[in-house]
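Working notes, beginning with the structure itself.
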Amino acid sequence: MVEDKTTNISISHIRINLLREFQAPPVAPPKVTGIEDVIDLLEKIGIPHDKKQIYRAYQFAKEKHKKQTRKDGTPYITHPLNVSYIVASMKLDTTSIVSALLHDVVEDTEATLDEIERLFGSEVALIVDGVSKIGRHSSKYTYKDAIQAENFRKLLLSTAKDIRVILIKLADRLHNMTTLGWLPREKQIRKARETLDIYAPIAHRLGISHLWGDLSDLSFYFLKPEKCFDLRVQLYFYLRERAELLDEILEALNKLLANYDVTINYRVKRLWSIYKKMEQKKISNINNLYDYVAFRVLTNTKEEAYAILGLVHGKWQHVPGTIKDYIGTPKENLYQSLHTTILYKGKPYEIQIRTYEMDKIAEEGIAAHWAYKEKGSKIKAIDKDVMKLRSRWNSWISSFLDLKDELTDPKEFFNLLKIDLYTDQVYVLSPKGEVFAFPVGATPIDFAYRIHTEVGNHCSGARVNNVLVPLNYKLKTGDTVEILTSQKASPKRHWLNLVVTSKAKSKIKQWLLREEKEKAKAIGKHLLEKELENYNLSLENIKSDERFPEYLKSKGLSTLEDLFVHIGFGKISTQSIIKHFHKEEKKLSKILQKAWGIVEKSFKKSNQIILVDEETNFLTYFAKCCAPIPGDKIIGYITRGRGISIHRIECKNIRNNLFPSEKFIKVYWNQEYNKKSLFPVKLHLELIDKRGIIASVTSILDKHHINIGKLNADAMRKNVPPGRGYAEIVIFVKNTQQLTDVIKNIKKVKGVIKVKRLSGS
Ligand code: MN
């Protein structure tokens, strides 16, 4: 049997103790027996408090909960008592401790909010209300997801009014997580998942790293019990083996920094973050992981921190790429520190260097200082950081709730909350100095829609820090954003690729849909009128037809306008309408069938490659007169009854103003079109009349894998100067790019004088 050197107890015996220790949750609840423990703690850490008020709240809660017990059999009051202890250890004020003691009385007993307000004041009542769930009966919903979403919304709303709401909720959750073992397995998993998805990220965002760590580790323990156990055992032995070495490094650091007033220690990283790192790097043995432990050097000033980094680098070699300056660029939750990884006896170790104040923010975040307790006192750097964190948090909440107001699906609300909590944020300012939070990657368009839907819909440009920027500019923290608007500006389809917030996305989609419908309506009306004309009918005939209401109903439509829209989108053919209403349809149908067939065919062929004002679904076809190919500058013309014909803007018919201008419509090549269609182009060649020249030209085409549709070299002998010839070739190309390439290469053929694209095909 292997003997343990230090204790002489057999390893197997240690293992039994370890087994017990590592089978328990990694974070134990505070051992609180009575309210005196809370008061003692407050006294110990020197927090001014109102003892009488705390006692009163305790007595009230104890009385109200007296008939209830926890799942572990203890009186219910142990829960609020423990929560108040956690709140006290976070150094919060009396109002917070009182609220923590009372946090469950409204939800779980017959006590009312009015009673709380009367006895303990409106601040406490607001906080207690904030942490209380919506009563099952007062909820609009009956199913679990919806109620959960509704509760989160309420929690966030109250948090915006008083940040203490979320701090108490986190303490509440922490205590519940430490005692989760008493609940059924299924409930453990649900609570742990929710904690990991929502509460731990909230703690992280607020910068309260100890809460984040405790909540994450407890979730890990309940979600993946075996993995958690395994990791704890591995860590235990690993640290024991290295204890001496770690102390050696500590000593070396102390010696190196003897001239500085520093505090140096090291700590093992949190189980959850070690586990995540191992998963990420796909390693199962902790021996292969180096950043499981971090040395921490605390000093007085920023300048000293940088100087210490220099000294450390002078003494030990560092691993390239591991220096991180979070002092120059603080993390989103205002974490500030210098990180480096040095090599000691060939093994890497992380060293974090920061000031005492930075460390306080890194550990306690938003709870680092209860700013409004000392209103008159001088504002210190730490207060500024805390205030900054608060305003970031509030602007995140308001932005989140703002866009989630429109979400009716609770599942989507919950999912977006999860995503929002995990995505990093940028904080930008309006010209008036208001702070707005956005997910990373947001653009001025997101900003415009945040201000107001109308601002978004008429956004024509943006200035960031007084400089004009393109609309795809990615906002950065600290940017001051000013939106330029114009009545003429309107949302474009490609904006959908530029925005990241759901509000902007849904508003742009709404607008585009409305526009698309308007256009479809006009086109549909026109097509139907034209078709009716062919039968000597009018819209009036149809509208007054007794079969009309029944017809609409059968198509699932309610108005004539709806019918126009459907015709415009090509969902209902005008011919089918004629068939329905015209008695002599049979006689005419053959002729019509033929005419319609053409439209139908061209519709199918082109409907996806051409966008009408950036929309799809319109009937379009390519005009024969100028035969456009992808890449050409094009314009649409609303024809009578055949949809929209697509012309090149160079087209003679367009140039000569043969068409009334109000019938023109903007069209685009669909950039997302992915079919490999080929388009005919007619080329005119001027050549030196010599043998084999046509063969040289066709061999070039062959090299380009271009098919020839028609080749006409007869012209070579008619009306041409001696020694010259002409040829006309119809070739099939993908787009203008390919056409330009092939023309360039034909021109290189010896004897080719000129190559010209003709307008038709
Ligand atoms: Mn509770």
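Each chain in the structure tokens gets a letter, A, B, ..., in the order shown, and its residues are numbered from 1; ligands are numbered from 1 in order too.
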
For the interface of chain A with ligand 1 (cut-off 9 Å, counting only C-alpha atoms and all ligand atoms), please tabulate each contacting residue of chain A alongside its nearest pair of atoms and their separation in Å to one decimal, rows sorted by chain and increasing number, as a tab-separated table.
residue	atom	partner	partner_atom_place_in_ligand_line	distance
A:His79	CA	ligand 1	1 (Mn)	6.6
A:Pro80	CA	ligand 1	1 (Mn)	6.4
A:Val83	CA	ligand 1	1 (Mn)	7.6
A:Ala100	CA	ligand 1	1 (Mn)	8.4
A:His103	CA	ligand 1	1 (Mn)	6.3
A:Asp104	CA	ligand 1	1 (Mn)	5.4
A:Val131	CA	ligand 1	1 (Mn)	8.4
A:Ser132	CA	ligand 1	1 (Mn)	8.6
A:Lys169	CA	ligand 1	1 (Mn)	7.8
A:Ala171	CA	ligand 1	1 (Mn)	8.7
A:Asp172	CA	ligand 1	1 (Mn)	5.0
A:Arg173	CA	ligand 1	1 (Mn)	7.1
A:His175	CA	ligand 1	1 (Mn)	8.1
A:Asn176	CA	ligand 1	1 (Mn)	7.1

Long-range neighbours of Leu223 of chain A as an MDAnalysis selection string, 7 Å cut-off, only C-alpha atoms, 4 positions minimum in chain:
chainID A and resid 189 192 219

Which residues are close to Ile694 of chain A, i.e. within 10 Å by only C-alpha atoms, leaving aside same-chain residues fewer than 4 positions away? Reply as a ChimeraX atom specification.
/A:685,687,689-690,698-700,711,713,727,749,751-752

Residues of segment 423-511 of chain A classed as alpha helix (DSSP H) by DSSP on the backbone are to be reported as a PyMOL selection string.
chain A and resi 444-451+453-457+502-511

Atom pair atom CA of Gln234 of chain A + atom CA of Glu363 of chain A, distance 26.3 Å

I want to know what sits within 8 Å of segment 637-654 of chain A, based on only C-alpha atoms, with residues of the same chain fewer than 3 positions away left out; could you give that as JSON, numbers by chain?
{"A": [523, 526, 527, 528, 530, 531, 599, 618, 619, 620, 621, 622, 623, 625, 626, 627, 628, 632, 633, 634, 657, 658, 659, 663, 664, 665, 667, 759]}

Among A:Ala520, A:Leu250, A:Leu101, A:Ile746, Tyr344 of chain A is approached most closely, using only C-alpha atoms, by A:Leu250

What's the 12 Å shell around Lys543 of chain A, counting only C-alpha atoms, without same-chain residues fewer than 3 positions away, as a VMD selection string?
chain A and resid 537 to 540 546 to 552 559 to 561 563 577 581

Enumerate as a compact mmCIF listing (two decimals) with C-alpha atoms, in the first residue's frame all residues of segment 286-515 of chain A assigned to strand (DSSP E) by DSSP on the backbone, naming them with the chain letters and numbers the document uses.
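Output file selection_6.txt follows:
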# COMPACT_ATOMS: atom_id res chain seq x y z
CA VAL A 293 -3.74 28.10 -10.93
CA ALA A 294 -2.98 31.83 -11.03
CA PHE A 295 -0.56 33.90 -9.02
CA ARG A 296 -1.90 37.26 -8.01
CA VAL A 297 0.24 40.30 -7.23
CA LEU A 298 -1.62 43.21 -5.67
CA THR A 299 0.02 46.61 -5.51
CA LYS A 324 -2.82 40.75 -21.70
CA ASP A 325 -3.24 44.37 -20.74
CA LEU A 338 -2.16 42.65 -16.31
CA HIS A 339 -1.77 38.99 -17.22
CA THR A 340 1.33 37.13 -18.28
CA THR A 341 2.40 33.51 -18.30
CA ILE A 342 5.98 32.80 -17.29
CA LEU A 343 8.06 29.66 -17.52
CA TYR A 344 9.33 28.32 -14.20
CA LYS A 347 6.47 24.84 -16.85
CA PRO A 348 4.11 27.75 -17.54
CA TYR A 349 2.38 29.68 -14.73
CA GLU A 350 -0.01 32.58 -15.03
CA ILE A 351 0.66 35.76 -13.08
CA GLN A 352 -1.96 38.49 -12.64
CA ILE A 353 -0.84 41.94 -11.53
CA ARG A 354 -3.25 44.67 -10.44
CA THR A 355 -3.92 47.34 -7.84
CA GLN A 425 -21.91 44.30 -25.38
CA VAL A 426 -20.71 47.63 -26.66
CA TYR A 427 -21.79 50.85 -24.98
CA VAL A 428 -22.33 53.89 -27.13
CA LEU A 429 -23.62 57.38 -26.49
CA VAL A 435 -25.80 55.39 -22.83
CA PHE A 436 -27.12 52.58 -25.03
CA ALA A 437 -26.03 48.95 -24.89
CA PHE A 438 -25.75 46.85 -28.05
CA PRO A 439 -24.50 43.38 -28.84
CA CYS A 459 -31.88 56.62 -41.71
CA SER A 460 -29.70 57.96 -44.51
CA GLY A 461 -26.30 58.00 -42.85
CA ALA A 462 -24.45 58.31 -39.56
CA ARG A 463 -21.74 60.27 -37.87
CA VAL A 464 -19.61 58.56 -35.25
CA VAL A 467 -17.03 61.72 -38.61
CA LEU A 468 -19.28 60.32 -41.34
CA VAL A 469 -19.21 56.53 -41.35
CA VAL A 481 -23.42 58.15 -32.58
CA GLU A 482 -25.53 60.64 -34.49
CA ILE A 483 -28.06 59.44 -37.04
CA LEU A 484 -28.79 61.41 -40.20
CA THR A 485 -32.26 61.05 -41.60

Can you tell me which residues surround Thr301 of chain A at a distance of at most 12 Å, considering only C-alpha atoms, apart from same-chain residues fewer than 4 positions away, and format the answer as a PyMOL selection string?
chain A and resi 260-262+297+305-308+327+337+353-359+381

Residues as selected, N, CA, C and O atoms, written as a tab-separated table (two decimals), in the first residue's frame, can you do that?
chain	number	residue	atom	x	y	z
A	260	TYR	N	8.70	46.53	-3.21
A	260	TYR	CA	7.34	47.04	-3.41
A	260	TYR	C	6.45	46.62	-2.26
A	260	TYR	O	6.67	45.58	-1.63
A	261	ASP	N	5.42	47.45	-2.02
A	261	ASP	CA	4.42	47.10	-1.03
A	261	ASP	C	3.37	46.24	-1.72
A	261	ASP	O	2.39	46.75	-2.26
A	262	VAL	N	3.62	44.93	-1.75
A	262	VAL	CA	2.72	44.06	-2.51
A	262	VAL	C	2.15	42.92	-1.66
A	262	VAL	O	2.71	42.57	-0.62
A	297	VAL	N	-0.59	39.28	-7.88
A	297	VAL	CA	0.24	40.30	-7.23
A	297	VAL	C	-0.59	41.56	-7.11
A	297	VAL	O	-1.02	42.12	-8.13
A	305	ALA	N	2.14	48.50	-11.11
A	305	ALA	CA	1.72	47.24	-11.76
A	305	ALA	C	2.53	47.01	-13.03
A	305	ALA	O	3.05	45.92	-13.27
A	306	TYR	N	2.65	48.08	-13.85
A	306	TYR	CA	3.43	47.94	-15.09
A	306	TYR	C	4.90	47.67	-14.80
A	306	TYR	O	5.56	46.88	-15.47
A	307	ALA	N	5.41	48.36	-13.76
A	307	ALA	CA	6.82	48.17	-13.41
A	307	ALA	C	7.07	46.73	-12.97
A	307	ALA	O	8.07	46.11	-13.34
A	308	ILE	N	6.12	46.18	-12.21
A	308	ILE	CA	6.25	44.81	-11.73
A	308	ILE	C	6.23	43.82	-12.90
A	308	ILE	O	7.00	42.86	-12.95
A	327	ILE	N	-5.62	46.54	-18.17
A	327	ILE	CA	-5.65	47.88	-17.56
A	327	ILE	C	-5.86	48.90	-18.66
A	327	ILE	O	-6.72	49.76	-18.58
A	337	SER	N	-6.54	44.28	-15.06
A	337	SER	CA	-5.41	43.51	-14.57
A	337	SER	C	-4.39	43.35	-15.69
A	337	SER	O	-4.73	43.53	-16.86
A	353	ILE	N	-1.34	40.80	-12.31
A	353	ILE	CA	-0.84	41.94	-11.53
A	353	ILE	C	-1.86	43.07	-11.60
A	353	ILE	O	-2.30	43.45	-12.70
A	354	ARG	N	-2.29	43.57	-10.45
A	354	ARG	CA	-3.25	44.67	-10.44
A	354	ARG	C	-3.21	45.41	-9.12
A	354	ARG	O	-2.58	44.97	-8.16
A	355	THR	N	-3.90	46.57	-9.08
A	355	THR	CA	-3.92	47.34	-7.84
A	355	THR	C	-5.00	46.78	-6.92
A	355	THR	O	-5.86	46.01	-7.33
A	356	TYR	N	-4.94	47.21	-5.65
A	356	TYR	CA	-5.94	46.74	-4.68
A	356	TYR	C	-7.35	47.14	-5.12
A	356	TYR	O	-8.30	46.38	-4.98
A	357	GLU	N	-7.47	48.36	-5.65
A	357	GLU	CA	-8.78	48.82	-6.09
A	357	GLU	C	-9.31	48.00	-7.26
A	357	GLU	O	-10.47	47.63	-7.30
A	358	MET	N	-8.42	47.73	-8.21
A	358	MET	CA	-8.82	46.90	-9.35
A	358	MET	C	-9.26	45.53	-8.87
A	358	MET	O	-10.19	44.93	-9.41
A	359	ASP	N	-8.56	45.02	-7.86
A	359	ASP	CA	-8.88	43.70	-7.35
A	359	ASP	C	-10.27	43.69	-6.72
A	359	ASP	O	-11.02	42.73	-6.85
A	381	ALA	N	-12.00	56.53	-7.60
A	381	ALA	CA	-11.99	55.81	-8.88
A	381	ALA	C	-12.93	54.61	-8.83
A	381	ALA	O	-13.67	54.32	-9.77

How many Å lie between atom CA of Ala200 of chain A and atom CA of Gln68 of chain A, rounded to one decimal?
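Interatomic distance here is 28.6 Å.
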
Option closest in space to Gln23 of chain A, from A:Leu256, A:Val742, A:Leu102, A:Glu226 [counting only C-alpha atoms]
A:Glu226

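Nearest to Ile47 of chain A of all the residues A:Glu529, A:Asp93, A:Asp108, A:Glu123 is A:Asp93, based on only C-alpha atoms.
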